[in-house]
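This report concerns only the one structure given below.
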Amino acid sequence: MRCGIVVFPGSNCDHDVYHVLKHVLGQEAMFLWHDATDLKDCELIVLPGGFAYGDYLRAGAMAARSRIMSAVARHAERGGLVLGICNGFQVLLEAGLLPGAMRPNRGLRFLCQDVYLRLERHDLPFTHAYRDVRVARMPIAHAEGCYVASDEELDRLEAGGQVVLRYGDAGGGRGDDDPAVNPNGSARAIAGIVNRQGNVLGMMPHPERCAEAVLGNEDGLPLFRGLTEEHGRTAR
Amino acid sequence: MSRRVASPAEPAVDQEVAAEHGLSADEYERLCDLLGRTPTWTELGITSALWSEHCSYKSSKVHLARFPTSGPYVLQGPGENAGVVDIGHGWVAAFKMESHNHPSFIEPYQGAATGVGGILRDVFAMGARPIACLDSLRFGRLEAPRMRHLVDGVVRGIGDYGNCVGVPTVGGETGFHPSYDRNILVNVFALGLARRERLAHARAAGAGNPLLYVGSPTGRDGIHGATMASEAFAADSEAKRPTVQVGDPFTEKLLLEACLEALRTGAVVALQDMGAAGLTSTAFEMAARGGTGVYLNLSRVPLREPGLTPYEIMLSESQERMLLVVERQRQKDVEGIFRRWGLEVTDVGKVTDDGRAEVRFARRKVADMPVQPLTQGAPVLRRPVRVPKDLEERQRPPEVPQPDDPTAALAALLDTPEMGSKAWIWRQYDHTVRTNTVAGPGGDAAVLLLKGTPAGLALTSDVNPVYCWLDPHRGGAQAVAEAVRNLACVGAEPMALSDCLNFGSPEDPQIAWQFRECVEGMAAACRALEVPVISGNVSFYNQTDDGGPGGPRAIHPTPTVAMVGLIPDLASLPSSSFTRAGDRIVLLGTDAGEFGGSAYLRLLYEVEQGRPPAVDLGREARLAELLRFLAFEGLISTAHDLSEGGLAVALAEACFGRGLGAEVSLELAPLNLFSETQGRALVAAPAAAVEQVLEEAEAYGVPALEVGAVGGERLRIRASGGAVDAAVEDLRRRWETALPRWMEETG
Amino acid sequence: MSRSKTPSTFHARVTVMPRRAVLDPQGRAIHQALKRLGFKQVEEVRAGKSFDLTLTAAGAEAAAAAVEEMCRRLLANPVIEDFAVELVDGAGDGRS
Amino acid sequence: MSRSKTPSTFHARVTVMPRRAVLDPQGRAIHQALKRLGFKQVEEVRAGKSFDLTLTAAGAEAAAAAVEEMCRRLLANPVIEDFAVELVDGAGDGRS
Ligand SMILES: Nc1ncnc2c1ncn2[C@@H]1O[C@H](COP(=O)(O)OP(=O)(O)O)[C@@H](O)[C@H]1O
Ligand SMILES: [Mg+2]
C-alpha cells in the first residue's frame, strides 16, 4: 500500500512511522513535504508526532495551516485514510478535521510513560486487526494531551461511536478521574477519536513505538497491519 | 604589516584593560609580541576568550594528558567537536558530554535547555544524527533557597529541548548534596550515529571556499562578562547588557536536518557549532585544525538587534548557529538546502591560506591575528597543588552505628530523594522517540537498538562526589569502574568514555590537587579496564564566596563519567530487576565492610567521613568480563550492580521493577547489608542454570554465592542476628514518592 | 481604489484567554502557588497568552480589522479561547 | 492602622513579555506563520503571557501594588521578561 508520511518542520516521529510501515510491514512508504499540494497517490496519509513549528503557539496550530493540509482534507473527504498520531492528532483538531481541542496535561508536565487503552470499536480499518483484543498498552509522550470539547460535542461523539480509544486500567476498567489511569485528564478519558465517516483517526498514544518484539511491546502493530490489510481486502 | 585600524569608537587597549579581561601581564606581553603591536579592542576580546580557561584548558592540560585516548574502537579522540568510535556494521558513534552549570544556576530553564542544544550541535557537526542524551545533575539540598525552583526549571529545560528536537533522554543521574547549594551542576551528554564514510570534520580547507553562517541571527547573548567591566561601555549600560541565552529547539531541529542533508551532498568541507566564545572559537579552531586562515566580514553577520559592535559579534553566544565551509562551486546547492528548511544562510567570509584571521567590519579591519599561535599557543599552567589541610580529618575512620532495625534503615534510605526513584524526572523526558530504546531510564545502563543489526549500544553516567571528596584518587577510579560495571550488567563491553570534570577554582592549590588526583585515579582505571577517553569538558570555578570564614565554598569534586558500550547481540539481554519467581539469586564479589562515604552513614547519620571503598581494578575487570559472558550466553535473567546503599538497596531495587519479592539469607551482620564494597553485583538465574553460573564465576576468579530466590510479595533478607522483612509494595511506595513529595507540594 | 492614505505603522496587543467554561489548569496552579507565597487575597487566576504585533496598515481601523482576522485564522482557537485586540499608541512601542 | 476602607474586589490583567534584547523564538515562528497565511503587512511579533487575576484589596493602589509584587515574585522571570499590570474596571471581568 502506498503510504505518505507528512513532514512538517519539527515533525520528529516521521522516521519512526516510516520504519514500521516500510521495514516492519514491507509497505511502500514515502515522505510528503508540508508545502506540497499533491499526495502522490498515497492511500494512507499519516500525520506523525513531534513538535511541528515547535508547537510554539498551540500544539499543531501552525502545521494545521500549512499547504499540504488542504490536500489532506480533500483526501479525507473522498474517504481516504488519515491517521494522526500525537502531534498529528493535534494538527487534525486544529485543522478542523476532527472536533475538539487539546489543552495542557492536568499535571502541567510532559509525560512519557505507558498507558492502557480500551479499544471501543473493532470495526474500523484502524482497529479491525485487534479482533477480540480489548486492552492495548502503548506509550504516550506529550505535554498537551488533555482532550476537551463541549458536553454536547462529547455526547455526539459517544452517540456516533466516534470514541475509539479511551485511557483505562490494565484490566480494561474505567477510571477517568484517576491520574494513574487517565494521566493527562482528557474529557471522558478520550485517547483517540474518529470522524463520522470512520476514515480519519486521531490518537495521542504512539502505536509506532510499540510495533516490534525487540522493543518489548507489539501492541501497536495491529493498527498498522489492519490499515494495510484492510486496504488489501477492499482494493481487490 | 597591517596598520592598526581599530574603530575610533573602540576603547584603546593597555595592560590594565587587558587585566580586566582576565589576561595576566605575561599573557598580555605575549599577545603584543605575537602581533608586533598593541592589540585592538576586538583582538583583546578574541584573545581573552581563546585564552580563557574554558577554551584553552590552560590549568587542566598537563593533567588531561594522562588519559589514554586510543583503543581498538577509537576513530577520533579528543580535539574534534565530539569523539568517535567505530561500532561495526558500517556505523560510527560520535559522543561528548558538556557542562552548563553556571547558566543553569542563573536561569535554570534556559540554562539547561541551551546546554542540551549545544551538545546536540557538537554531535551533528560530526555528521552524526543524535539518537540519545544522558543528563547528570547535581543539586543542593531541596530545602535550600531556590533549590526546588532550580530542579523544576532544569528538568523542564532539558525535557522541553530534547523532546522538541526528538532526541530521547535515555538515562542519567541525579544527586542532592549541600556542596551544590550555591553551585548546581548540569552535565549533558549526547550520542549520534553516522555511516562510517559520512563522518564530518571541522577543518577549514581550500583557500577561497566560502564560510556560510546558518541558523539564528546574532544577539547580545552571553557575551563575555569582560564587556561589562569596561569603563567605555558603562554609560549606556542597560541596553548593552549581555542577555541570557534563550534556546530555540525548533530552529535546532531544522538546523539538524538541514546540516545532515547538506553533508550528504558532499559539498560541505567542514562545519562547527558556534558554542562558547561564539564565532571566535569556531573560526579560529576550524582554521587551526585545517592549518589555514580565515577572512571574516562581520558586516554580513545577521543581527537580531542593531548596533552590535565587532567585539560583540565575535563573542556573542547566541544559540542555534553553525559555521560551514563549503566548496566554492557548490555554494548555491548548499544554500538551497538551508533555505528549503526555512533557515537563513549568509556568506560571511572565506578560507585563506596565510594562517591569519582577518576580521573586517564596516570596511575597517578590526582584527588581524595569526591563528596557530593564538589557538595552540595558549599558555599552559602548572598550578601549584597542595594536599587539603583537613584531608586527614576527612579520612579518619568513622564510627559506624549498628542499625537498630535493618528494615527501618532500608526503608529510611529508600525514602530519601537521593536514593529514591528518579522517575519523576525522567517521565518528563521523551525516552522512547526514535524507537531504539530497548531499556530506558531506571536500570543500570540504557540500551539502544542499532536498527538493522543484532547489536545494541549501552550508555551510563556515573560518579560519586562524596567518594571523590574523601579520596579523589579512589573516587576518580570508582567512577570509571562503576560505569564499566553498569555496562557489564547489560552485557556491554565499554568502547570509550566522555567526561565532564566539575571542580572549584584551580587557583586554589587544594582544588588543583583534587583535580590532579581525580584525573590520575580515572586514568589508572581507564588503563586497567581498557576504556579510552575520547571527548570531554572541564568546568572549573564551581564555587561561591558568601563571605563565610572558611573562604569560598567549592562543590565536591565531580568528575562525571559517561561511558558507551557495545552489546554484540540483544537476544539475551538481562533485566536490572527480577523477572521470574523461582529464579535463584547469586551474589558476585565479597563484602569487606566499607562505610566511608556510604549512603548509610551520610543519609541516616549525617556523617561524611572515612576513606571510601577501595577500588580493586583487577577484580572489577574480572567481574565485568564474567557479567558480559553470563549475559551473552543467556545464563542470567537479572543483573544489577551493588553501589550506593549496598546489597540491601540493590535487592530492593531489583524487586521494584515488577513487584516481585525475594527471600535471601547470608552470614553477614545486618550492618553489612549497607556496606559499599566495590566490585559486586547480584544476578538471578533459572534454577537449572545456577550451577553453571557458579562454575563460570569460579573460572573467571570471581567469588560467587547463591543467597536465595526470587518470589512472593515480600523482601526478606536474613542476616546473622537480624533481618530485613518488608512488603515490596510498601518499600516501593516510599521509594517512588520520595522525590515527588518534595516537588509536587500542594495547598 | 478610493483609499489614498499612506500606510503607517501600528502596534497591536492581542490577548488570548481560555474560555470561562474551559479548564485552566495553569491558572489554577499559579493561583495555588500565589497562595503558598502568602498572597491569600487572590481569588482567581486565569492564564492566557499575549502577542504584540507591529504592522503597517492604511489606518487604525484597517489595522484592527487585520489583526482580528489574524486572531480568527491563527492566533486563537475558537473552540477553547477568546481574544481581544487593542491598538496601542502608534508611536510608542506599547510596552512598559 | 489609619486605613479603614472595607476591602473590595479588583480585576487585574498582567502582561508578561520577553525583554526586547532577548530571543523570542515563539514570536518569530508566529510571524513566519502569519506571513505564510498572507499577512505580509506584519513586521514583528512578540509572544508573551497574560494573566487575569481577581483579588481583594483595600483600594486600587493596594491592589496594583500587590499584583506587582506577585509579578516580581512569581509571574514574571526578571532575568528575561518585563511585565505590565493594568487594573481593569472593578465591576466587569475585563475580557471580551
Ligand atoms: N536526571 C536523570 N535523567 C535520566 N535518568 C535518570 C536521571 N537520574 C537518574 N536516572 C535514572 O535512574 C536510574 C538510577 O540512577 P542511579 O541511582 O544513578 O543508578 P546507578 O547507581 O546504577 O548508576 C538510572 O537508570 C538512571 O538512568
Ligand atoms: Mg547501577
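Please note that chains go A, B, ... in the order of the C-alpha cells, that every chain numbers its residues from 1, and that ligands are numbered from 1 in the order shown.
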Using only C-alpha atoms and a cut-off of 12 Å, which residues of chain D sit close to chain A? Please list them as a list in words.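 That gives Asp24, Pro25, Gln26, Gly27, Arg28, Ala29, Ile30, His31, Gln32, Ala33, Leu34, Lys35, Arg36, Leu37, Gly38, Val45, Arg46, Ala47, Gly48 and Lys49 of chain D for chain D.
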Give as a ChimeraX atom specification every residue of chain C that touches chain D within 10 Å, counting only C-alpha atoms. /C:7,9-17,19,27,30-31,33-34,37-57,63,66-67,69-70,73-75,82-85,95-96
Given 7 Å and only C-alpha atoms and all ligand atoms, residues near ligand 2 as a PyMOL selection string: chain B and resi 443-444+486+640-643
Please dump the current selection as a PDB file, in the first residue's frame; keep N, CA, C and O atoms.
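And here's result07.pdb as it stands now:
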ATOM      1  N   GLY B 443      17.273   1.575  34.873  1.00  0.00           N
ATOM      2  CA  GLY B 443      18.120   0.400  35.079  1.00  0.00           C
ATOM      3  C   GLY B 443      19.562   0.816  35.315  1.00  0.00           C
ATOM      4  O   GLY B 443      19.847   1.966  35.638  1.00  0.00           O
ATOM      5  N   ASP B 444      20.489  -0.129  35.164  1.00  0.00           N
ATOM      6  CA  ASP B 444      21.896   0.203  35.358  1.00  0.00           C
ATOM      7  C   ASP B 444      22.453   0.988  34.185  1.00  0.00           C
ATOM      8  O   ASP B 444      23.190   1.939  34.354  1.00  0.00           O
ATOM      9  N   ASN B 486      28.204  -1.021  35.353  1.00  0.00           N
ATOM     10  CA  ASN B 486      26.830  -0.800  34.893  1.00  0.00           C
ATOM     11  C   ASN B 486      26.654  -1.293  33.458  1.00  0.00           C
ATOM     12  O   ASN B 486      25.626  -1.871  33.112  1.00  0.00           O
ATOM     13  N   HIS B 640      22.267  -6.771  38.370  1.00  0.00           N
ATOM     14  CA  HIS B 640      22.181  -5.422  38.933  1.00  0.00           C
ATOM     15  C   HIS B 640      23.403  -5.225  39.813  1.00  0.00           C
ATOM     16  O   HIS B 640      23.704  -6.067  40.646  1.00  0.00           O
ATOM     17  N   ASP B 641      24.104  -4.118  39.597  1.00  0.00           N
ATOM     18  CA  ASP B 641      25.332  -3.955  40.377  1.00  0.00           C
ATOM     19  C   ASP B 641      25.017  -3.385  41.759  1.00  0.00           C
ATOM     20  O   ASP B 641      23.955  -2.817  41.986  1.00  0.00           O
ATOM     21  N   LEU B 642      25.962  -3.572  42.681  1.00  0.00           N
ATOM     22  CA  LEU B 642      25.809  -3.028  44.028  1.00  0.00           C
ATOM     23  C   LEU B 642      26.535  -1.690  44.057  1.00  0.00           C
ATOM     24  O   LEU B 642      27.723  -1.610  43.739  1.00  0.00           O
ATOM     25  N   SER B 643      25.817  -0.636  44.416  1.00  0.00           N
ATOM     26  CA  SER B 643      26.514   0.645  44.539  1.00  0.00           C
ATOM     27  C   SER B 643      26.036   1.318  45.817  1.00  0.00           C
ATOM     28  O   SER B 643      26.088   0.708  46.884  1.00  0.00           O
TER      29      SER B 643
END
Could you please select, counting only C-alpha atoms, the residues of chain A within 12 Å of chain B and state them as a ChimeraX atom specification? /A:7-20,23-24,33-35,48-56,59,86-87,105,107-114,138-143,183,205-217
Contacts with ligand 1 at most 9 Å, only C-alpha atoms and all ligand atoms counted, listed as a VMD selection string: chain B and resid 133 to 138 155 169 to 175 418 to 423 425 to 427 429 431 439 to 446 459 to 463 482 to 483 485 to 486 640 to 644 650
